[in-house]
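**Student:** Here you go, this is model17.txt (compact mmCIF, N, CA and C atoms).
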```
# COMPACT_ATOMS: atom_id res chain seq x y z
N MET A 1 -28.27 250.34 16.18
CA MET A 1 -27.19 249.45 16.56
C MET A 1 -27.78 248.05 16.79
N SER A 2 -27.15 247.04 16.23
CA SER A 2 -27.65 245.67 16.36
C SER A 2 -27.41 245.14 17.78
N ASN A 3 -28.10 244.05 18.08
CA ASN A 3 -27.92 243.42 19.40
C ASN A 3 -26.48 242.97 19.61
N LYS A 4 -25.88 242.43 18.54
CA LYS A 4 -24.50 241.97 18.64
C LYS A 4 -23.56 243.14 18.92
N ALA A 5 -23.76 244.25 18.26
CA ALA A 5 -22.93 245.43 18.48
C ALA A 5 -23.12 245.98 19.89
N LYS A 6 -24.38 245.96 20.37
CA LYS A 6 -24.65 246.42 21.73
C LYS A 6 -23.97 245.53 22.76
N LEU A 7 -24.02 244.23 22.51
CA LEU A 7 -23.38 243.27 23.41
C LEU A 7 -21.86 243.47 23.43
N GLN A 8 -21.28 243.65 22.25
CA GLN A 8 -19.84 243.87 22.17
C GLN A 8 -19.44 245.17 22.85
N SER A 9 -20.24 246.19 22.69
CA SER A 9 -19.98 247.48 23.33
C SER A 9 -20.07 247.36 24.85
N ALA A 10 -21.08 246.64 25.32
CA ALA A 10 -21.24 246.45 26.76
C ALA A 10 -20.07 245.65 27.34
N LEU A 11 -19.65 244.60 26.62
CA LEU A 11 -18.51 243.79 27.05
C LEU A 11 -17.24 244.63 27.11
N GLN A 12 -17.04 245.45 26.09
CA GLN A 12 -15.86 246.31 26.07
C GLN A 12 -15.88 247.30 27.24
N GLU A 13 -17.05 247.83 27.53
CA GLU A 13 -17.18 248.76 28.65
C GLU A 13 -16.87 248.07 29.98
N LEU A 14 -17.35 246.84 30.15
CA LEU A 14 -17.05 246.07 31.36
C LEU A 14 -15.56 245.77 31.48
N ARG A 15 -14.94 245.39 30.38
CA ARG A 15 -13.49 245.12 30.38
C ARG A 15 -12.70 246.36 30.73
N THR A 16 -13.08 247.50 30.16
CA THR A 16 -12.39 248.75 30.44
C THR A 16 -12.54 249.13 31.91
N ASP A 17 -13.75 248.98 32.45
CA ASP A 17 -14.00 249.28 33.85
C ASP A 17 -13.20 248.34 34.75
N ASN A 18 -13.18 247.06 34.40
CA ASN A 18 -12.42 246.07 35.17
C ASN A 18 -10.93 246.37 35.13
N ARG A 19 -10.43 246.72 33.98
CA ARG A 19 -9.01 247.06 33.81
C ARG A 19 -8.63 248.20 34.75
N ARG A 20 -9.47 249.22 34.81
CA ARG A 20 -9.18 250.39 35.63
C ARG A 20 -9.28 250.04 37.11
N LYS A 21 -10.37 249.39 37.52
CA LYS A 21 -10.59 249.07 38.93
C LYS A 21 -9.58 248.06 39.47
N GLN A 22 -9.23 247.09 38.67
CA GLN A 22 -8.29 246.05 39.11
C GLN A 22 -6.83 246.44 38.93
N LYS A 23 -6.58 247.59 38.34
CA LYS A 23 -5.22 248.07 38.08
C LYS A 23 -4.37 247.00 37.39
N LEU A 24 -5.01 246.34 36.42
CA LEU A 24 -4.37 245.29 35.61
C LEU A 24 -3.86 244.12 36.46
N GLY A 25 -4.42 243.92 37.64
CA GLY A 25 -3.98 242.81 38.49
C GLY A 25 -2.58 242.99 39.05
N LEU A 26 -2.11 244.22 39.09
CA LEU A 26 -0.75 244.51 39.55
C LEU A 26 -0.47 243.93 40.93
N HIS A 27 -1.43 243.97 41.83
CA HIS A 27 -1.21 243.47 43.19
C HIS A 27 -0.89 241.97 43.20
N PHE A 28 -1.47 241.20 42.30
CA PHE A 28 -1.14 239.78 42.24
C PHE A 28 0.27 239.56 41.69
N ILE A 29 0.65 240.35 40.70
CA ILE A 29 1.99 240.21 40.14
C ILE A 29 3.04 240.67 41.15
N LEU A 30 2.74 241.72 41.89
CA LEU A 30 3.66 242.16 42.95
C LEU A 30 3.84 241.06 44.00
N ALA A 31 2.76 240.40 44.35
CA ALA A 31 2.85 239.30 45.31
C ALA A 31 3.73 238.17 44.77
N SER A 32 3.68 237.95 43.47
CA SER A 32 4.50 236.88 42.89
C SER A 32 5.99 237.20 42.95
N VAL A 33 6.35 238.48 43.01
CA VAL A 33 7.76 238.84 43.19
C VAL A 33 8.27 238.25 44.50
N PHE A 34 7.49 238.35 45.56
CA PHE A 34 7.89 237.81 46.86
C PHE A 34 7.96 236.28 46.82
N ILE A 35 7.05 235.67 46.07
CA ILE A 35 7.10 234.22 45.93
C ILE A 35 8.39 233.80 45.22
N TRP A 36 8.77 234.54 44.16
CA TRP A 36 9.98 234.18 43.43
C TRP A 36 11.25 234.48 44.24
N VAL A 37 11.20 235.44 45.14
CA VAL A 37 12.33 235.65 46.07
C VAL A 37 12.49 234.41 46.95
N ALA A 38 11.37 233.91 47.48
CA ALA A 38 11.42 232.71 48.31
C ALA A 38 11.91 231.50 47.51
N VAL A 39 11.41 231.34 46.29
CA VAL A 39 11.84 230.22 45.44
C VAL A 39 13.34 230.32 45.13
N LEU A 40 13.81 231.53 44.84
CA LEU A 40 15.24 231.71 44.57
C LEU A 40 16.07 231.34 45.80
N ALA A 41 15.65 231.77 46.96
CA ALA A 41 16.39 231.43 48.20
C ALA A 41 16.44 229.91 48.39
N ILE A 42 15.32 229.25 48.12
CA ILE A 42 15.28 227.78 48.24
C ILE A 42 16.24 227.15 47.23
N GLN A 43 16.21 227.62 45.98
CA GLN A 43 17.05 227.03 44.94
C GLN A 43 18.54 227.27 45.17
N LEU A 44 18.88 228.35 45.83
CA LEU A 44 20.29 228.65 46.11
C LEU A 44 20.80 227.93 47.35
N SER A 45 19.90 227.30 48.09
CA SER A 45 20.32 226.59 49.30
C SER A 45 21.03 225.29 48.94
N ALA A 46 21.65 224.69 49.94
CA ALA A 46 22.37 223.43 49.74
C ALA A 46 21.49 222.22 50.00
N LEU A 47 20.21 222.42 50.10
CA LEU A 47 19.29 221.32 50.37
C LEU A 47 19.23 220.34 49.19
N PRO A 48 18.87 219.08 49.45
CA PRO A 48 18.70 218.12 48.35
C PRO A 48 17.54 218.55 47.43
N ILE A 49 17.58 218.10 46.19
CA ILE A 49 16.60 218.52 45.18
C ILE A 49 15.17 218.22 45.61
N LEU A 50 14.93 217.07 46.21
CA LEU A 50 13.56 216.74 46.62
C LEU A 50 13.07 217.68 47.73
N THR A 51 13.95 218.07 48.62
CA THR A 51 13.59 219.02 49.67
C THR A 51 13.33 220.40 49.06
N LYS A 52 14.19 220.80 48.11
CA LYS A 52 13.97 222.08 47.42
C LYS A 52 12.61 222.09 46.73
N ASN A 53 12.29 220.99 46.06
CA ASN A 53 11.02 220.92 45.34
C ASN A 53 9.83 220.95 46.31
N LEU A 54 9.95 220.26 47.43
CA LEU A 54 8.88 220.27 48.42
C LEU A 54 8.66 221.68 48.97
N LEU A 55 9.75 222.37 49.29
CA LEU A 55 9.64 223.74 49.80
C LEU A 55 9.10 224.69 48.72
N THR A 56 9.46 224.44 47.47
CA THR A 56 8.92 225.24 46.38
C THR A 56 7.41 225.04 46.27
N PHE A 57 6.96 223.80 46.46
CA PHE A 57 5.51 223.54 46.48
C PHE A 57 4.83 224.37 47.56
N CYS A 58 5.49 224.53 48.70
CA CYS A 58 4.90 225.34 49.79
C CYS A 58 4.73 226.79 49.36
N CYS A 59 5.47 227.23 48.36
CA CYS A 59 5.39 228.60 47.85
C CYS A 59 4.48 228.71 46.64
N SER A 60 3.96 227.60 46.14
CA SER A 60 3.38 227.63 44.80
C SER A 60 2.07 226.87 44.68
N LEU A 61 1.58 226.78 43.41
CA LEU A 61 0.46 225.93 43.05
C LEU A 61 0.91 224.49 42.98
N LEU A 62 -0.05 223.56 43.04
CA LEU A 62 0.28 222.14 43.01
C LEU A 62 0.07 221.51 41.64
N ILE A 63 -0.09 222.36 40.60
CA ILE A 63 -0.38 221.87 39.26
C ILE A 63 0.73 220.96 38.75
N ALA A 64 1.96 221.27 39.06
CA ALA A 64 3.09 220.49 38.53
C ALA A 64 3.50 219.36 39.47
N MET A 65 2.58 218.89 40.30
CA MET A 65 2.93 217.89 41.31
C MET A 65 3.51 216.61 40.71
N TRP A 66 3.02 216.19 39.56
CA TRP A 66 3.52 214.94 38.98
C TRP A 66 4.99 215.02 38.62
N VAL A 67 5.48 216.23 38.31
CA VAL A 67 6.89 216.39 37.96
C VAL A 67 7.77 216.17 39.18
N TYR A 68 7.24 216.49 40.35
CA TYR A 68 7.98 216.37 41.60
C TYR A 68 8.61 214.98 41.75
N ALA A 69 7.84 213.95 41.44
CA ALA A 69 8.34 212.58 41.57
C ALA A 69 8.94 212.05 40.27
N ALA A 70 8.35 212.43 39.14
CA ALA A 70 8.76 211.87 37.86
C ALA A 70 10.10 212.42 37.37
N VAL A 71 10.26 213.73 37.38
CA VAL A 71 11.48 214.37 36.89
C VAL A 71 11.81 215.54 37.83
N PRO A 72 12.29 215.26 39.02
CA PRO A 72 12.45 216.30 40.03
C PRO A 72 13.35 217.47 39.61
N GLU A 73 14.34 217.20 38.78
CA GLU A 73 15.24 218.29 38.38
C GLU A 73 14.57 219.29 37.43
N LYS A 74 13.41 218.94 36.88
CA LYS A 74 12.69 219.85 35.97
C LYS A 74 11.42 220.43 36.59
N MET A 75 11.18 220.16 37.88
CA MET A 75 9.96 220.64 38.53
C MET A 75 9.84 222.16 38.48
N LEU A 76 10.90 222.87 38.81
CA LEU A 76 10.82 224.33 38.82
C LEU A 76 10.60 224.88 37.40
N MET A 77 11.21 224.26 36.41
CA MET A 77 11.02 224.69 35.03
C MET A 77 9.54 224.56 34.63
N VAL A 78 8.94 223.44 34.93
CA VAL A 78 7.53 223.22 34.59
C VAL A 78 6.64 224.21 35.35
N TYR A 79 6.92 224.41 36.62
CA TYR A 79 6.14 225.36 37.42
C TYR A 79 6.22 226.77 36.82
N ALA A 80 7.40 227.21 36.46
CA ALA A 80 7.57 228.56 35.90
C ALA A 80 6.87 228.68 34.55
N MET A 81 6.92 227.62 33.74
CA MET A 81 6.23 227.65 32.44
C MET A 81 4.72 227.74 32.64
N ILE A 82 4.18 227.00 33.59
CA ILE A 82 2.75 227.06 33.89
C ILE A 82 2.40 228.46 34.38
N PHE A 83 3.22 229.00 35.26
CA PHE A 83 2.98 230.35 35.77
C PHE A 83 2.89 231.35 34.63
N GLY A 84 3.85 231.33 33.72
CA GLY A 84 3.84 232.28 32.61
C GLY A 84 2.66 232.09 31.68
N ALA A 85 2.36 230.84 31.33
CA ALA A 85 1.28 230.57 30.39
C ALA A 85 -0.09 230.98 30.94
N HIS A 86 -0.26 230.92 32.25
CA HIS A 86 -1.58 231.27 32.80
C HIS A 86 -1.88 232.76 32.69
N LEU A 87 -0.91 233.57 32.29
CA LEU A 87 -1.12 235.01 32.15
C LEU A 87 -1.91 235.36 30.88
N LEU A 88 -1.96 234.45 29.91
CA LEU A 88 -2.57 234.75 28.61
C LEU A 88 -4.01 235.28 28.70
N PRO A 89 -4.92 234.64 29.43
CA PRO A 89 -6.28 235.18 29.45
C PRO A 89 -6.37 236.57 30.08
N TYR A 90 -5.42 236.90 30.93
CA TYR A 90 -5.43 238.24 31.53
C TYR A 90 -5.06 239.31 30.51
N GLY A 91 -4.34 238.94 29.48
CA GLY A 91 -4.06 239.87 28.38
C GLY A 91 -5.36 240.31 27.74
N TRP A 92 -6.25 239.35 27.52
CA TRP A 92 -7.55 239.68 26.94
C TRP A 92 -8.40 240.47 27.94
N LEU A 93 -8.46 239.96 29.18
CA LEU A 93 -9.31 240.59 30.19
C LEU A 93 -8.91 242.04 30.46
N TYR A 94 -7.62 242.27 30.63
CA TYR A 94 -7.14 243.61 30.96
C TYR A 94 -6.74 244.42 29.73
N GLN A 95 -6.85 243.81 28.55
CA GLN A 95 -6.44 244.48 27.31
C GLN A 95 -5.00 244.99 27.45
N SER A 96 -4.13 244.09 27.88
CA SER A 96 -2.77 244.46 28.26
C SER A 96 -1.73 243.77 27.39
N LYS A 97 -0.92 244.58 26.75
CA LYS A 97 0.19 244.03 25.96
C LYS A 97 1.23 243.36 26.85
N SER A 98 1.40 243.86 28.07
CA SER A 98 2.37 243.26 28.99
C SER A 98 1.99 241.83 29.34
N TYR A 99 0.72 241.59 29.64
CA TYR A 99 0.28 240.23 29.94
C TYR A 99 0.46 239.33 28.72
N TYR A 100 0.07 239.80 27.56
CA TYR A 100 0.25 239.00 26.34
C TYR A 100 1.73 238.66 26.14
N PHE A 101 2.59 239.65 26.26
CA PHE A 101 4.02 239.43 26.03
C PHE A 101 4.59 238.41 27.02
N PHE A 102 4.34 238.63 28.32
CA PHE A 102 4.93 237.74 29.32
C PHE A 102 4.31 236.35 29.30
N SER A 103 3.05 236.22 28.85
CA SER A 103 2.44 234.90 28.76
C SER A 103 3.13 234.03 27.72
N LEU A 104 3.76 234.65 26.75
CA LEU A 104 4.52 233.91 25.73
C LEU A 104 6.01 233.87 26.05
N ALA A 105 6.56 235.00 26.50
CA ALA A 105 7.99 235.09 26.74
C ALA A 105 8.45 234.20 27.90
N ILE A 106 7.68 234.16 28.98
CA ILE A 106 8.11 233.38 30.14
C ILE A 106 8.21 231.88 29.82
N PRO A 107 7.18 231.23 29.28
CA PRO A 107 7.33 229.79 29.00
C PRO A 107 8.47 229.48 28.03
N ILE A 108 8.62 230.30 27.00
CA ILE A 108 9.68 230.04 26.02
C ILE A 108 11.05 230.24 26.65
N ALA A 109 11.25 231.35 27.36
CA ALA A 109 12.54 231.63 27.99
C ALA A 109 12.87 230.58 29.05
N VAL A 110 11.87 230.21 29.85
CA VAL A 110 12.11 229.21 30.90
C VAL A 110 12.45 227.85 30.30
N LEU A 111 11.81 227.49 29.20
CA LEU A 111 12.15 226.24 28.55
C LEU A 111 13.62 226.25 28.12
N LEU A 112 14.03 227.33 27.49
CA LEU A 112 15.43 227.42 27.03
C LEU A 112 16.40 227.45 28.20
N ILE A 113 16.08 228.21 29.23
CA ILE A 113 16.96 228.27 30.40
C ILE A 113 16.97 226.93 31.12
N GLY A 114 15.80 226.30 31.25
CA GLY A 114 15.69 225.04 31.96
C GLY A 114 16.41 223.88 31.30
N ILE A 115 16.56 223.95 29.99
CA ILE A 115 17.27 222.89 29.27
C ILE A 115 18.76 222.91 29.58
N CYS A 116 19.32 224.12 29.73
CA CYS A 116 20.78 224.20 29.84
C CYS A 116 21.29 224.77 31.16
N CYS A 117 20.41 225.22 32.04
CA CYS A 117 20.88 225.87 33.27
C CYS A 117 20.23 225.23 34.50
N SER A 118 20.69 225.67 35.65
CA SER A 118 20.18 225.14 36.91
C SER A 118 18.83 225.75 37.26
N PRO A 119 18.11 225.12 38.18
CA PRO A 119 16.86 225.71 38.65
C PRO A 119 17.05 227.11 39.25
N ALA A 120 18.18 227.35 39.87
CA ALA A 120 18.44 228.69 40.43
C ALA A 120 18.44 229.74 39.32
N ALA A 121 18.94 229.39 38.14
CA ALA A 121 18.93 230.33 37.01
C ALA A 121 17.50 230.65 36.59
N ILE A 122 16.62 229.65 36.66
CA ILE A 122 15.21 229.88 36.35
C ILE A 122 14.61 230.84 37.37
N ALA A 123 14.90 230.60 38.65
CA ALA A 123 14.36 231.47 39.70
C ALA A 123 14.87 232.90 39.54
N ILE A 124 16.14 233.06 39.19
CA ILE A 124 16.69 234.40 38.96
C ILE A 124 15.97 235.06 37.79
N PHE A 125 15.82 234.31 36.69
CA PHE A 125 15.11 234.86 35.53
C PHE A 125 13.69 235.28 35.91
N MET A 126 12.98 234.41 36.63
CA MET A 126 11.60 234.72 36.99
C MET A 126 11.52 235.95 37.88
N LEU A 127 12.43 236.08 38.81
CA LEU A 127 12.42 237.24 39.69
C LEU A 127 12.62 238.52 38.87
N ILE A 128 13.58 238.50 37.98
CA ILE A 128 13.84 239.67 37.13
C ILE A 128 12.64 239.94 36.21
N ALA A 129 12.10 238.89 35.61
CA ALA A 129 10.95 239.05 34.71
C ALA A 129 9.76 239.62 35.46
N GLU A 130 9.50 239.15 36.67
CA GLU A 130 8.37 239.65 37.45
C GLU A 130 8.54 241.12 37.83
N ILE A 131 9.76 241.51 38.16
CA ILE A 131 10.00 242.91 38.50
C ILE A 131 9.77 243.79 37.27
N ILE A 132 10.29 243.36 36.12
CA ILE A 132 10.06 244.12 34.88
C ILE A 132 8.58 244.16 34.55
N PHE A 133 7.91 243.03 34.71
CA PHE A 133 6.47 242.94 34.46
C PHE A 133 5.72 243.96 35.34
N CYS A 134 6.07 244.01 36.61
CA CYS A 134 5.43 244.97 37.53
C CYS A 134 5.66 246.40 37.05
N MET A 135 6.87 246.71 36.64
CA MET A 135 7.16 248.07 36.18
C MET A 135 6.32 248.41 34.94
N LEU A 136 6.19 247.45 34.03
CA LEU A 136 5.37 247.68 32.84
C LEU A 136 3.89 247.85 33.19
N LEU A 137 3.41 247.09 34.17
CA LEU A 137 2.03 247.25 34.59
C LEU A 137 1.79 248.60 35.25
N VAL A 138 2.76 249.06 36.02
CA VAL A 138 2.64 250.40 36.61
C VAL A 138 2.55 251.43 35.50
N LYS A 139 3.39 251.28 34.48
CA LYS A 139 3.36 252.21 33.34
C LYS A 139 2.00 252.14 32.62
N GLU A 140 1.50 250.93 32.38
CA GLU A 140 0.20 250.78 31.72
C GLU A 140 -0.91 251.39 32.57
N ASN A 141 -0.83 251.20 33.89
CA ASN A 141 -1.85 251.76 34.77
C ASN A 141 -1.87 253.28 34.71
N ARG A 142 -0.73 253.89 34.56
CA ARG A 142 -0.68 255.34 34.46
C ARG A 142 -1.39 255.85 33.21
N HIS A 143 -1.42 255.02 32.17
CA HIS A 143 -2.05 255.41 30.91
C HIS A 143 -3.51 254.97 30.82
N THR A 144 -4.00 254.25 31.86
CA THR A 144 -5.38 253.80 31.89
C THR A 144 -6.24 254.86 32.55
N LYS A 145 -7.32 255.17 31.88
CA LYS A 145 -8.23 256.21 32.42
C LYS A 145 -9.50 255.61 32.89
```
The structure given in the file should be rewritten as structure tokens.
**Tutor:**
Amino acid sequence: MSNKAKLQSALQELRTDNRRKQKLGLHFILASVFIWVAVLAIQLSALPILTKNLLTFCCSLLIAMWVYAAVPEKMLMVYAMIFGAHLLPYGWLYQSKSYYFFSLAIPIAVLLIGICCSPAAIAIFMLIAEIIFCMLLVKENRHTK
């Protein structure tokens, strides 16, 4: 066996071990369900948009901070798109079709929803998507040995 083949085999073994031990990162995705419940509650409130965005920041990453001031009505859309897109490397790491699917489906769906619907619709979509994602990860974990 060549050095390259040995290296690839070792990498695959590490990925498989990581996938099993980390349970495909299910605990992080489950935690995000609670974050999206909080974001949905904020978006459904009667608070002004800037207050909603500030409270959403308290629940989230600060990557989309520039949108907060520049285009406040699209802040949640950008945040949700970033959230979905960041799942892509985990598809490779965990060898997971669910991560690959949601890393593409979430940004595309959120873009379409964000163009024509309210931020609350985005939060509803994300909550439902995260719950489905969790269920798929549980199913994948059952098939992981």
**Student:** Which of these, A:Leu44, A:Ile122, A:Leu30, A:Val71, has the shortest distance to A:Cys134 once you count only N, CA and C atoms?
**Tutor:**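 Result for the nearest residue to A:Cys134: A:Leu30.
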**Student:** Which distance in Å separates atom CA of A:Met81 and atom CA of A:Met135, to one decimal?
**Tutor:** 20.8 Å
**Student:** If we count only N, CA and C atoms and set the cut-off at 7 Å, which residues sit around A:Gln43, ignoring sequence neighbours fewer than 2 positions away in its own chain? Please answer as number ranges by chain.
**Tutor:** A: 38-41, 45-46, 52, 119-120
**Student:** Show me, as a count of residues only, the residues that have an atom within 12 Å of A:Thr144 when counting only C-alpha atoms, minus same-chain residues fewer than 3 positions from it.
**Tutor:** 18
**Student:** Find the distance between atom N of A:Gly91 and atom C of A:Leu127 and write it in Å to one decimal.
**Tutor:**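 One can read the atom N of A:Gly91 to atom C of A:Leu127 distance as 19.4 Å.
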**Student:** Give the answer as one residue: which of A:Val67, A:Gly25, A:Met77, A:Tyr99 has the shortest atom-to-atom distance to A:Ile124, using only C-alpha atoms?
**Tutor:** A:Met77
**Student:** Looking at only C-alpha atoms, which of A:Cys117, A:Phe133, A:Ala123, A:Leu76 is the one that sits closest to A:Tyr100?
**Tutor:**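 When distances to A:Tyr100 are compared using only C-alpha atoms, the smallest one comes from A:Phe133.
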**Student:** Between A:Ala5, A:Ala31, A:Ile131, A:Ala64, single out the one closest to A:Ala80, counting only C-alpha atoms.
**Tutor:**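 Going through A:Ala5, A:Ala31, A:Ile131, A:Ala64 one by one, the smallest distance to A:Ala80 is for A:Ala64.
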**Student:** Counting only C-alpha atoms, find residues at most 8 Å from (11.2, 222.2, 42.5) (file frame) and give them as a PyMOL selection string.
**Tutor:** chain A and resi 43+49-50+52-57+68+72-77+79+119
**Student:** I need stretch 54-98 of chain A from the structure I supplied, saved as a compact mmCIF listing (two decimals), in the first residue's frame with C-alpha atoms retained.
**Tutor:**
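Here's the written file selection-v8.txt:
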```txt
# COMPACT_ATOMS: atom_id res chain seq x y z
CA LEU A 54 -30.55 43.52 18.43
CA LEU A 55 -32.29 40.77 20.42
CA THR A 56 -31.64 38.33 17.57
CA PHE A 57 -27.94 39.21 17.83
CA CYS A 58 -28.14 38.23 21.51
CA CYS A 59 -29.23 34.77 20.30
CA SER A 60 -26.75 34.46 17.46
CA LEU A 61 -23.33 34.97 15.86
CA LEU A 62 -22.20 38.50 15.01
CA ILE A 63 -21.13 37.65 11.44
CA ALA A 64 -24.05 39.52 9.89
CA MET A 65 -23.51 42.65 12.00
CA TRP A 66 -23.11 44.96 9.01
CA VAL A 67 -26.62 44.08 7.82
CA TYR A 68 -28.03 45.26 11.15
CA ALA A 69 -27.42 48.90 10.21
CA ALA A 70 -27.27 48.72 6.42
CA VAL A 71 -30.42 46.71 5.61
CA PRO A 72 -32.16 45.91 8.92
CA GLU A 73 -35.18 44.23 7.33
CA LYS A 74 -32.87 41.59 5.76
CA MET A 75 -30.70 40.89 8.83
CA LEU A 76 -32.49 37.68 9.80
CA MET A 77 -32.39 36.42 6.20
CA VAL A 78 -28.62 36.92 6.01
CA TYR A 79 -28.10 35.33 9.42
CA ALA A 80 -30.13 32.24 8.45
CA MET A 81 -28.27 31.93 5.13
CA ILE A 82 -24.91 32.07 6.94
CA PHE A 83 -26.15 29.52 9.45
CA GLY A 84 -27.15 27.08 6.70
CA ALA A 85 -24.03 27.56 4.59
CA HIS A 86 -21.70 26.89 7.52
CA LEU A 87 -23.01 23.30 7.65
CA LEU A 88 -21.20 22.32 4.42
CA PRO A 89 -17.82 21.32 5.91
CA TYR A 90 -19.61 19.15 8.46
CA GLY A 91 -21.03 17.12 5.58
CA TRP A 92 -17.48 16.16 4.70
CA LEU A 93 -16.34 15.75 8.31
CA TYR A 94 -19.27 13.57 9.38
CA GLN A 95 -19.80 11.98 5.95
CA SER A 96 -23.42 13.05 6.29
CA LYS A 97 -25.93 13.52 3.51
CA SER A 98 -28.14 15.49 5.91
```
